[in-house]
Amino acid sequence: MKIGDLVRVKNKIPGDGPELRKLYHEHTPCLLIDVRLSGFWTHVLDGGVRRAIPTNRLELVNESR
């Protein structure tokens, strides 16, 4: 995954907040905008809202060209 790719939340775990659960259940695509802390955290845009999500919780929807 790299900046500009479309990603989505691939799983849910106990303790997820309502926003993350909604992204998972609705299969909402998000734009990957930044990767932090040696690749552990990924920042995505969801409808203009910036969210930080652990990278291992995301899957690639399509690659940017």
# chains A, B, ... in the order shown; residues from 1 in each chain; ligands from 1

$ residues_around --residues "His27 (chain A)" --least-positions-apart "6" --cutoff "9 Å" --atoms "only C-alpha atoms" --output "list in words"
Arg8, Val9 and Lys10 of chain A

$ write_last_selection --atoms "N, CA and C atoms" --output "PDB file, in the first residue's frame"
ATOM      1  N   ARG A   8      -9.747  -0.210   2.456  1.00  0.00           N
ATOM      2  CA  ARG A   8     -10.930  -0.355   3.314  1.00  0.00           C
ATOM      3  C   ARG A   8     -10.554  -1.201   4.519  1.00  0.00           C
ATOM      4  N   VAL A   9     -11.358  -1.082   5.564  1.00  0.00           N
ATOM      5  CA  VAL A   9     -11.136  -1.854   6.790  1.00  0.00           C
ATOM      6  C   VAL A   9     -11.525  -3.305   6.504  1.00  0.00           C
ATOM      7  N   LYS A  10     -10.606  -4.245   6.776  1.00  0.00           N
ATOM      8  CA  LYS A  10     -10.849  -5.642   6.402  1.00  0.00           C
ATOM      9  C   LYS A  10     -11.406  -6.500   7.524  1.00  0.00           C
TER      10      LYS A  10
END

$ residues_around --residues "Asn56 (chain A)" --least-positions-apart "3" --cutoff "10 Å" --atoms "only C-alpha atoms" --output "PyMOL selection string"
chain A and resi 9-11+39-42+53+59

$ write_last_selection --atoms "N, CA and C atoms" --output "CSV table (one decimal), in the first residue's frame"
chain,number,residue,atom,x,y,z
A,9,VAL,N,-11.4,-1.1,5.6
A,9,VAL,CA,-11.1,-1.9,6.8
A,9,VAL,C,-11.5,-3.3,6.5
A,10,LYS,N,-10.6,-4.2,6.8
A,10,LYS,CA,-10.8,-5.6,6.4
A,10,LYS,C,-11.4,-6.5,7.5
A,11,ASN,N,-11.4,-6.0,8.8
A,11,ASN,CA,-11.9,-6.8,9.9
A,11,ASN,C,-12.3,-5.9,11.0
A,39,GLY,N,5.3,2.3,9.6
A,39,GLY,CA,4.3,1.5,8.9
A,39,GLY,C,3.2,1.0,9.7
A,40,PHE,N,3.2,1.2,11.0
A,40,PHE,CA,2.2,0.6,11.9
A,40,PHE,C,0.8,1.4,11.8
A,41,TRP,N,0.8,2.7,11.8
A,41,TRP,CA,-0.4,3.5,11.6
A,41,TRP,C,-0.5,4.0,10.2
A,42,THR,N,-1.7,4.0,9.7
A,42,THR,CA,-2.0,4.6,8.4
A,42,THR,C,-3.1,5.7,8.6
A,53,ILE,N,-5.7,4.5,11.4
A,53,ILE,CA,-6.1,3.1,11.5
A,53,ILE,C,-4.8,2.3,11.4
A,59,GLU,N,-7.1,-3.3,3.8
A,59,GLU,CA,-6.8,-4.0,2.6
A,59,GLU,C,-6.9,-3.1,1.4

$ residues_around --residues "region 13-26 of chain A" --least-positions-apart "2" --cutoff "12 Å" --atoms "only C-alpha atoms" --output "ChimeraX atom specification"
/A:7-11,28-30,44-47,49-54,57-59

$ atom_distance --atom1 "CA of Asp5 (chain A)" --atom2 "CA of Ser38 (chain A)"
18.0 Å

$ decode --residues "region 21-35 of chain A" --atoms "N, CA and C atoms" --output "mmCIF file, in the first residue's frame"
data_model
loop_
_atom_site.group_PDB
_atom_site.id
_atom_site.type_symbol
_atom_site.label_atom_id
_atom_site.label_comp_id
_atom_site.auth_asym_id
_atom_site.auth_seq_id
_atom_site.Cartn_x
_atom_site.Cartn_y
_atom_site.Cartn_z
ATOM 1 N N ARG A 21 -16.197 0.569 13.154
ATOM 2 C CA ARG A 21 -17.190 -0.488 12.875
ATOM 3 C C ARG A 21 -18.033 -0.122 11.658
ATOM 4 N N LYS A 22 -18.413 1.150 11.542
ATOM 5 C CA LYS A 22 -19.206 1.597 10.396
ATOM 6 C C LYS A 22 -18.415 1.438 9.096
ATOM 7 N N LEU A 23 -17.145 1.826 9.102
ATOM 8 C CA LEU A 23 -16.310 1.671 7.903
ATOM 9 C C LEU A 23 -16.230 0.205 7.488
ATOM 10 N N TYR A 24 -16.119 -0.698 8.472
ATOM 11 C CA TYR A 24 -16.040 -2.120 8.171
ATOM 12 C C TYR A 24 -17.367 -2.644 7.608
ATOM 13 N N HIS A 25 -18.454 -2.359 8.271
ATOM 14 C CA HIS A 25 -19.757 -2.904 7.856
ATOM 15 C C HIS A 25 -20.221 -2.359 6.505
ATOM 16 N N GLU A 26 -19.886 -1.120 6.204
ATOM 17 C CA GLU A 26 -20.323 -0.509 4.941
ATOM 18 C C GLU A 26 -19.293 -0.676 3.828
ATOM 19 N N HIS A 27 -18.154 -1.322 4.118
ATOM 20 C CA HIS A 27 -17.081 -1.524 3.129
ATOM 21 C C HIS A 27 -16.692 -0.201 2.467
ATOM 22 N N THR A 28 -16.613 0.845 3.266
ATOM 23 C CA THR A 28 -16.333 2.184 2.765
ATOM 24 C C THR A 28 -14.894 2.303 2.279
ATOM 25 N N PRO A 29 -14.684 2.694 1.020
ATOM 26 C CA PRO A 29 -13.317 2.935 0.553
ATOM 27 C C PRO A 29 -12.803 4.262 1.109
ATOM 28 N N CYS A 30 -11.534 4.278 1.489
ATOM 29 C CA CYS A 30 -10.890 5.465 2.031
ATOM 30 C C CYS A 30 -9.597 5.713 1.255
ATOM 31 N N LEU A 31 -9.207 6.960 1.143
ATOM 32 C CA LEU A 31 -7.976 7.332 0.453
ATOM 33 C C LEU A 31 -6.816 7.314 1.437
ATOM 34 N N LEU A 32 -5.793 6.535 1.138
ATOM 35 C CA LEU A 32 -4.614 6.469 1.992
ATOM 36 C C LEU A 32 -3.797 7.747 1.778
ATOM 37 N N ILE A 33 -3.543 8.502 2.862
ATOM 38 C CA ILE A 33 -2.840 9.776 2.717
ATOM 39 C C ILE A 33 -1.509 9.828 3.454
ATOM 40 N N ASP A 34 -1.243 8.903 4.380
ATOM 41 C CA ASP A 34 0.008 8.960 5.136
ATOM 42 C C ASP A 34 0.220 7.644 5.879
ATOM 43 N N VAL A 35 1.481 7.263 6.054
ATOM 44 C CA VAL A 35 1.844 6.074 6.839
ATOM 45 C C VAL A 35 2.841 6.536 7.897
#
